[in-house]
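J.: Pasting model-v3.tsv below, which is TSV, C-alpha atoms.
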chain	number	residue	atom	x	y	z
A	168	MET	CA	0.00	0.00	0.00
A	169	SER	CA	2.85	2.37	0.88
A	170	ASP	CA	4.31	1.87	-2.61
A	171	TRP	CA	1.09	3.21	-4.19
A	172	VAL	CA	1.10	6.22	-1.89
A	173	LEU	CA	4.71	7.03	-2.74
A	174	ARG	CA	4.03	6.55	-6.45
A	175	GLY	CA	1.04	8.89	-6.24
A	176	LEU	CA	3.07	11.57	-4.49
A	177	ALA	CA	5.84	11.25	-7.06
A	178	THR	CA	3.37	11.50	-9.96
A	179	GLY	CA	1.68	14.61	-8.62
A	180	VAL	CA	-1.65	16.07	-9.68
A	181	LYS	CA	-2.52	15.26	-13.29
A	182	SER	CA	-6.02	16.72	-13.37
A	183	SER	CA	-6.85	19.50	-15.79
A	184	ALA	CA	-6.25	22.98	-14.38
A	185	TYR	CA	-9.29	24.36	-16.21
A	186	PRO	CA	-10.99	26.74	-15.41
A	187	LYS	CA	-8.15	28.31	-13.40
A	188	ARG	CA	-5.91	28.04	-16.45
A	189	ALA	CA	-6.63	27.38	-20.10
A	190	GLU	CA	-6.19	23.74	-21.09
A	191	SER	CA	-3.19	23.26	-23.38
A	192	ALA	CA	-3.12	19.46	-23.71
A	193	GLU	CA	-3.44	18.01	-27.21
A	194	GLY	CA	-6.71	16.45	-28.32
A	195	VAL	CA	-9.02	17.95	-25.71
A	196	SER	CA	-11.33	19.43	-28.36
A	197	PRO	CA	-12.39	18.52	-31.91
A	198	GLY	CA	-13.12	22.19	-32.57
A	199	LEU	CA	-15.94	23.80	-34.51
A	200	PRO	CA	-16.09	25.66	-37.84
A	201	GLU	CA	-16.37	29.43	-37.90
A	202	GLY	CA	-18.20	31.62	-40.34
A	203	ALA	CA	-16.12	33.48	-42.88
A	204	ASP	CA	-16.13	35.51	-46.06
A	205	LEU	CA	-14.73	33.13	-48.66
A	206	GLY	CA	-14.38	35.79	-51.31
A	207	SER	CA	-16.46	34.21	-54.05
A	208	LEU	CA	-20.03	33.09	-54.57
A	209	SER	CA	-19.02	29.69	-55.90
A	210	SER	CA	-16.78	28.95	-52.91
A	211	ALA	CA	-19.44	29.97	-50.40
A	212	SER	CA	-22.21	27.98	-52.05
A	213	GLY	CA	-19.94	25.00	-52.64
A	214	VAL	CA	-18.89	24.72	-49.00
A	215	SER	CA	-22.42	25.20	-47.69
A	216	ARG	CA	-23.71	22.37	-49.90
A	217	LEU	CA	-21.26	19.95	-48.29
A	218	CYS	CA	-22.95	20.12	-44.88
A	219	PRO	CA	-25.18	17.07	-44.17
A	220	THR	CA	-27.28	18.90	-41.56
A	221	GLN	CA	-27.62	22.30	-43.29
A	222	ALA	CA	-25.55	23.96	-40.57
A	223	LEU	CA	-23.82	26.17	-43.15
A	224	HIS	CA	-25.71	29.03	-44.78
A	225	ALA	CA	-24.26	31.01	-47.67
A	226	SER	CA	-25.26	34.63	-48.19
A	227	GLY	CA	-23.29	36.05	-51.06
A	228	THR	CA	-19.65	35.27	-50.38
A	229	VAL	CA	-20.19	34.88	-46.61
A	230	VAL	CA	-20.84	31.53	-44.95
A	231	ALA	CA	-22.54	31.54	-41.53
A	232	VAL	CA	-22.45	28.53	-39.19
A	233	ASP	CA	-25.38	27.25	-37.15
A	234	ARG	CA	-23.36	25.61	-34.38
A	235	GLY	CA	-26.43	23.94	-32.98
A	236	ALA	CA	-26.72	21.82	-36.12
A	237	CYS	CA	-23.01	21.13	-36.69
A	238	VAL	CA	-22.07	17.44	-36.29
A	239	ASN	CA	-18.28	17.85	-36.59
A	240	CYS	CA	-18.11	15.94	-39.87
A	241	TYR	CA	-15.10	18.05	-40.99
A	242	ARG	CA	-16.34	18.25	-44.59
A	243	CYS	CA	-16.03	22.04	-44.55
A	244	ALA	CA	-12.49	21.73	-43.17
A	245	ARG	CA	-11.37	19.35	-45.92
A	246	ALA	CA	-12.97	21.03	-48.93
A	247	PRO	CA	-10.85	22.69	-51.63
A	248	VAL	CA	-11.86	26.02	-50.05
A	249	THR	CA	-12.15	25.55	-46.28
A	250	LEU	CA	-13.73	27.37	-43.38
A	251	PRO	CA	-11.55	28.47	-40.46
A	252	TRP	CA	-11.60	26.06	-37.53
A	253	ASN	CA	-11.85	27.06	-33.87
A	254	ARG	CA	-10.00	24.59	-31.63
A	255	GLY	CA	-11.43	26.03	-28.40
A	256	TYR	CA	-13.90	24.41	-26.03
A	257	GLU	CA	-15.76	27.24	-24.29
A	258	TRP	CA	-18.86	26.81	-26.42
A	259	ALA	CA	-21.74	27.03	-23.94
A	260	SER	CA	-24.18	29.93	-24.04
A	261	LEU	CA	-27.33	31.00	-22.25
A	262	THR	CA	-30.50	30.90	-24.30
A	263	ASP	CA	-32.23	34.21	-24.95
A	264	GLU	CA	-35.08	33.12	-22.66
A	265	ALA	CA	-32.70	32.45	-19.78
A	266	VAL	CA	-31.02	35.82	-20.27
A	267	ASP	CA	-34.32	37.71	-20.26
A	268	ASP	CA	-36.00	35.81	-17.40
A	269	ALA	CA	-34.27	36.47	-14.08
A	270	SER	CA	-36.54	33.97	-12.29
A	271	ARG	CA	-34.77	31.12	-14.10
A	272	ARG	CA	-31.40	31.90	-12.51
A	273	LEU	CA	-30.08	29.66	-9.76
A	274	GLY	CA	-28.57	32.45	-7.71
A	275	ARG	CA	-25.43	32.77	-5.60
A	276	ALA	CA	-26.38	29.91	-3.28
A	277	PHE	CA	-25.58	27.43	-6.05
A	278	GLY	CA	-22.31	29.03	-7.12
A	279	HIS	CA	-20.05	26.54	-5.33
A	280	SER	CA	-22.06	23.32	-5.47
A	281	LEU	CA	-24.37	21.91	-8.11
A	282	HIS	CA	-26.03	18.49	-8.33
A	283	VAL	CA	-26.70	17.31	-11.86
A	284	ARG	CA	-29.09	14.73	-13.26
A	285	VAL	CA	-28.26	13.35	-16.71
A	286	VAL	CA	-31.06	12.04	-18.97
A	287	ASP	CA	-30.41	10.05	-22.13
A	288	ALA	CA	-33.24	11.09	-24.46
A	289	GLY	CA	-32.14	8.89	-27.35
A	290	ASP	CA	-28.38	9.49	-27.39
A	291	CYS	CA	-26.12	7.38	-29.62
A	292	SER	CA	-23.72	7.12	-26.63
A	293	ALA	CA	-21.26	9.69	-28.02
A	294	CYS	CA	-22.34	12.51	-25.70
A	295	LEU	CA	-22.78	10.09	-22.81
A	296	SER	CA	-19.22	8.84	-23.24
A	297	GLU	CA	-17.94	12.43	-22.96
A	298	ILE	CA	-20.02	13.02	-19.84
A	299	ALA	CA	-18.66	9.78	-18.34
A	300	GLN	CA	-15.15	11.19	-18.57
A	301	LEU	CA	-16.08	14.10	-16.31
A	302	THR	CA	-15.88	12.02	-13.14
A	303	GLY	CA	-12.50	10.51	-14.09
A	304	PRO	CA	-9.20	11.68	-12.61
A	305	TYR	CA	-8.26	14.02	-15.46
A	306	TYR	CA	-11.38	16.19	-15.55
A	307	SER	CA	-12.36	15.44	-11.93
A	308	LEU	CA	-15.73	17.16	-11.90
A	309	HIS	CA	-16.01	16.94	-8.11
A	310	ARG	CA	-13.08	19.33	-7.62
A	311	LEU	CA	-15.34	22.07	-8.96
A	312	GLY	CA	-18.27	21.25	-6.69
A	313	PHE	CA	-20.32	19.51	-9.41
A	314	PHE	CA	-21.84	16.12	-8.61
A	315	ILE	CA	-23.82	13.67	-10.76
A	316	THR	CA	-26.92	12.51	-8.91
A	317	PRO	CA	-29.15	9.52	-9.76
A	318	THR	CA	-32.33	11.18	-8.49
A	319	PRO	CA	-34.04	14.28	-9.92
A	320	ARG	CA	-35.29	15.26	-6.46
A	321	GLU	CA	-31.74	16.20	-5.51
A	322	ALA	CA	-30.83	17.81	-8.83
A	323	ASP	CA	-30.28	21.51	-9.42
A	324	ALA	CA	-29.50	21.10	-13.12
A	325	LEU	CA	-30.69	18.69	-15.79
A	326	ILE	CA	-28.37	17.66	-18.63
A	327	VAL	CA	-30.23	16.29	-21.65
A	328	VAL	CA	-28.49	14.41	-24.47
A	329	GLY	CA	-30.02	12.90	-27.58
A	330	PRO	CA	-32.69	14.05	-30.05
A	331	GLY	CA	-35.61	13.42	-27.71
A	332	THR	CA	-37.26	10.25	-28.93
A	333	GLN	CA	-41.00	10.07	-28.52
A	334	ARG	CA	-40.65	7.12	-26.14
A	335	MET	CA	-38.44	9.22	-23.83
A	336	ARG	CA	-40.64	12.31	-23.80
A	337	GLU	CA	-42.77	11.23	-20.81
A	338	ALA	CA	-39.73	10.16	-18.76
A	339	LEU	CA	-37.92	13.41	-19.53
A	340	LEU	CA	-40.89	15.56	-18.54
A	341	ALA	CA	-41.37	13.52	-15.35
A	342	THR	CA	-37.71	14.03	-14.43
A	343	TYR	CA	-37.99	17.78	-14.96
A	344	GLU	CA	-41.18	18.03	-12.89
A	345	ALA	CA	-39.59	16.08	-10.03
A	346	MET	CA	-36.70	18.55	-9.74
A	347	PRO	CA	-37.04	21.26	-7.09
A	348	SER	CA	-36.98	24.91	-8.12
A	349	PRO	CA	-34.92	26.82	-9.04
A	350	LYS	CA	-33.48	24.55	-11.72
A	351	ARG	CA	-31.52	24.76	-14.93
A	352	VAL	CA	-31.78	22.69	-18.11
A	353	ILE	CA	-28.63	22.15	-20.16
A	354	ALA	CA	-28.99	20.78	-23.70
A	355	VAL	CA	-25.75	19.02	-24.64
A	356	GLY	CA	-24.81	18.13	-28.20
A	357	ALA	CA	-26.21	18.76	-31.66
A	358	CYS	CA	-29.04	16.25	-31.22
A	359	ALA	CA	-30.31	18.00	-28.10
A	360	LEU	CA	-29.99	21.40	-29.78
A	361	SER	CA	-31.48	20.71	-33.19
A	362	GLY	CA	-32.09	16.99	-33.64
A	363	GLY	CA	-28.75	16.62	-35.42
A	364	ILE	CA	-28.76	13.98	-38.13
A	365	PHE	CA	-32.08	12.69	-36.74
A	366	ALA	CA	-33.89	16.02	-37.06
A	367	GLU	CA	-36.14	14.84	-39.90
A	368	SER	CA	-37.12	11.56	-38.26
A	369	GLU	CA	-40.78	11.18	-37.36
A	370	THR	CA	-39.82	9.32	-34.18
A	371	VAL	CA	-38.03	12.20	-32.46
A	372	GLU	CA	-39.08	15.52	-30.99
A	373	GLY	CA	-35.90	17.24	-32.16
A	374	ALA	CA	-34.52	19.99	-29.97
A	375	THR	CA	-34.88	19.65	-26.20
A	376	ALA	CA	-36.40	23.14	-26.28
A	377	ASN	CA	-39.43	21.60	-28.00
A	378	MET	CA	-40.19	19.83	-24.73
A	379	LEU	CA	-38.54	21.79	-21.90
A	380	PRO	CA	-37.44	25.37	-21.17
A	381	VAL	CA	-33.71	25.20	-21.97
A	382	ASP	CA	-31.31	27.57	-20.19
A	383	VAL	CA	-27.85	26.58	-21.46
A	384	ILE	CA	-26.87	25.07	-24.81
A	385	VAL	CA	-23.65	23.27	-25.74
A	386	PRO	CA	-22.97	22.57	-29.44
A	387	GLY	CA	-20.80	19.74	-30.73
A	388	CYS	CA	-21.19	16.15	-31.88
A	389	PRO	CA	-20.19	15.27	-29.31
A	390	PRO	CA	-18.99	18.27	-27.29
A	391	PRO	CA	-15.75	17.50	-25.42
A	392	PRO	CA	-15.71	17.24	-21.60
A	393	LEU	CA	-14.29	20.75	-21.19
A	394	ALA	CA	-17.21	22.21	-23.16
A	395	ILE	CA	-19.61	20.45	-20.79
A	396	ILE	CA	-17.69	21.74	-17.78
A	397	HIS	CA	-17.94	25.22	-19.26
A	398	ALA	CA	-21.72	24.73	-19.56
A	399	LEU	CA	-21.96	23.79	-15.89
A	400	LEU	CA	-19.94	26.87	-14.94
A	401	VAL	CA	-22.32	28.99	-17.01
A	402	ALA	CA	-25.34	27.32	-15.39
A	403	ALA	CA	-23.92	28.00	-11.94
A	404	GLU	CA	-23.22	31.60	-12.96
A	405	ARG	CA	-19.51	31.22	-12.27
A	406	THR	CA	-18.56	32.37	-15.77
A	407	ALA	CA	-20.16	34.05	-18.75
A	408	GLY	CA	-21.37	32.07	-21.72
A	409	VAL	CA	-20.68	32.75	-25.38
A	410	SER	CA	-22.73	35.71	-26.55
A	411	THR	CA	-25.42	34.85	-29.10
A	412	ARG	CA	-26.70	38.41	-29.53
Write the structure described by the file as structure tokens, please.

T.:
Amino acid sequence: MSDWVLRGLATGVKSSAYPKRAESAEGVSPGLPEGADLGSLSSASGVSRLCPTQALHASGTVVAVDRGACVNCYRCARAPVTLPWNRGYEWASLTDEAVDDASRRLGRAFGHSLHVRVVDAGDCSACLSEIAQLTGPYYSLHRLGFFITPTPREADALIVVGPGTQRMREALLATYEAMPSPKRVIAVGACALSGGIFAESETVEGATANMLPVDVIVPGCPPPPLAIIHALLVAAERTAGVSTR
């Protein structure tokens, strides 16, 4: 036993220093495309046509990106004329409704501790696998005062992943109703934001906002663990989200 203790002391702390310091390790984020002026009508229209979820919209020579629909397919990053790529991870933002409605804020009492219930509303397991990493030693969610709870009656925030299948609608609504107020809803991943590649399916509800009042959104397919941590920090009002206005 003493050998393990000595080895641990010699190894030191290997957890991410985020949010105290920016994360510099390789591979912590797949990145997202950014809008840009590509300089020609043909380039703009050509790149936008590559997107399988219509996340790219060409207006003249300018291509705008709907991050909520982006599934990180990289087609726009590998085209003859490419869009710039943002390798960051602070992607979370408050919805307009959450910004305008002060009653939906958690308040200072939740700034240092937040219990989170996760609901799989039809996820393909990609977003769930990223969430599972949060409690591991590298991301160590507990060091920030965030705890995953199995019961909605103890939850302050609800993370929803997946496109919201019709068979999960009742369970999702029941989970939300069982949570005490005040509470936050965090939609994680393209499926929860827009339906993703399943948006046109008749068996899904699409965006989580079609079923619940969403407060924080996190794009990505799937978003990396640091993006989800950033969303929790935004939900707890410990940092500002990305501006959407």

J.: In Å, rounded to a single decimal, give me how far atom CA of A:Val232 is from atom CA of A:Val385.

T.: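 Computing it gives 14.5 Å between the two atoms.
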
J.: Write out as a list in words which residues come within 9 Å of A:Gly198 when counting all atoms listed in the file, dropping same-chain ones fewer than 2 positions away.

T.: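 After dropping sequence-adjacent residues, the list is Ser196, Pro200, Asn239, Trp252, Asn253, Arg254, Gly255, Tyr256, Gly387, Pro390 and Pro391 of chain A.
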
J.: Please give the centre and size of the box around stretch 336-342 of chain A (axis-aligned, containing every atom listed in the file, 3 Å added per side), with values in Å to one decimal and written as AutoDock Vina command-line options.

T.:
--center_x -40.2 --center_y 12.9 --center_z -19.1 --size_x 11.1 --size_y 11.4 --size_z 15.4

J.: To one decimal place in Å, what is the distance between atom CA of A:Leu205 and atom CA of A:His224?

T.: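 Pair atom CA of A:Leu205 / atom CA of A:His224 returns 12.3 Å.
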
J.: Write out as a list in words the residues lying within 9 Å of A:Gly373, counting all atoms listed in the file and excluding same-chain residues fewer than 3 positions away.

T.: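 Within the cut-off, the hits are Gly329, Pro330, Gly331, Thr332, Cys358, Ala359, Leu360, Ser361, Gly362, Gly363, Phe365, Ala366, Glu367, Ser368, Ala376, Asn377 and Met378 of chain A.
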
J.: Restricting the calculation to all atoms listed in the file, which member of A:Pro389, A:Pro197, A:Gly289, A:Gly356 is positioned closest to A:Ala338?

T.: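 Nearest candidate to A:Ala338 out of A:Pro389, A:Pro197, A:Gly289, A:Gly356: A:Gly289.
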
J.: Name the closest residue to A:Lys350 among the candidates A:Ser210, A:Ser270, A:Ser307, A:Ser191; distances are taken between atoms, counting all atoms listed in the file.

T.: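 Using all atoms listed in the file, A:Lys350 sits closest to A:Ser270.
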
J.: Env of stretch 395-405 of chain A: 7 Å cut, atoms = only C-alpha atoms, seq-sep filter 4 positions within chain, self excluded. Answer as a list in words.

T.: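 Counting only the stated atoms, we get Glu257, Ala259, Leu273, Phe277, Gly278, Arg351, Val383, Val385, Pro390 and Pro391 of chain A.
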
J.: May I ask which of the residues A:Pro317, A:Gly303, A:Pro349, A:Gly227 is the closest one to A:Asp382, counting all atoms listed in the file?

T.: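 Of the candidates, the smallest distance to A:Asp382 is held by A:Pro349.
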
J.: Please, what distance in Å, to one decimal, runs between atom CA of A:Gly202 and atom CA of A:Val248?

T.: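 One can read the atom CA of A:Gly202 to atom CA of A:Val248 distance as 12.9 Å.
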
J.: Here is a test: counting all atoms listed in the file, which residue of A:Ile384, A:Val286, A:Ala276, A:Glu297 is nearest to A:Tyr343?

T.: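 Once distances to A:Tyr343 are computed over all atoms listed in the file, the minimum belongs to A:Val286.
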
J.: For each of A:Val371, A:Val266, A:Leu311, A:Ala324, take the minimum atom-to-atom distance to A:His279, counting only C-alpha atoms, then give the residue where this is smallest.

T.: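 Among the listed residues, A:Leu311 lies closest to A:His279.
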
J.: Would you list the residues near (-39.5, 12.0, -13.8) (no more than 12 Å away, in the coordinates of the file, using all atoms listed in the file) as a list of chain:residue names?

T.: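 Nearby residues: A:Arg284, A:Val285, A:Val286, A:Pro317, A:Thr318, A:Pro319, A:Arg320, A:Ala322, A:Leu325, A:Met335, A:Arg336, A:Glu337, A:Ala338, A:Leu339, A:Leu340, A:Ala341, A:Thr342, A:Tyr343, A:Glu344, A:Ala345, A:Met346, A:Pro347.
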
J.: When you count only C-alpha atoms, which of these residues is closest to A:Arg271: A:Val352, A:Ala357, A:Leu250, A:Val409?

T.: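 When distances to A:Arg271 are compared using only C-alpha atoms, the smallest one comes from A:Val352.
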
J.: Need to verify the contact set: A:Pro392, 8 Å, all atoms listed in the file, exclusion of same-chain residues closer than 4 positions in sequence. Can you return it as a VMD selection string?

T.: chain A and resid 195 297 to 298 300 to 301 306 396

J.: Output C-alpha atoms for every residue in the selection just made, as a PDB file, keeping the file's coordinate frame.

T.:
ATOM      1  CA  VAL A 195      -9.020  17.950 -25.710  1.00  0.00           C
ATOM      2  CA  GLU A 297     -17.940  12.430 -22.960  1.00  0.00           C
ATOM      3  CA  ILE A 298     -20.020  13.020 -19.840  1.00  0.00           C
ATOM      4  CA  GLN A 300     -15.150  11.190 -18.570  1.00  0.00           C
ATOM      5  CA  LEU A 301     -16.080  14.100 -16.310  1.00  0.00           C
ATOM      6  CA  TYR A 306     -11.380  16.190 -15.550  1.00  0.00           C
ATOM      7  CA  ILE A 396     -17.690  21.740 -17.780  1.00  0.00           C
TER       8      ILE A 396
END
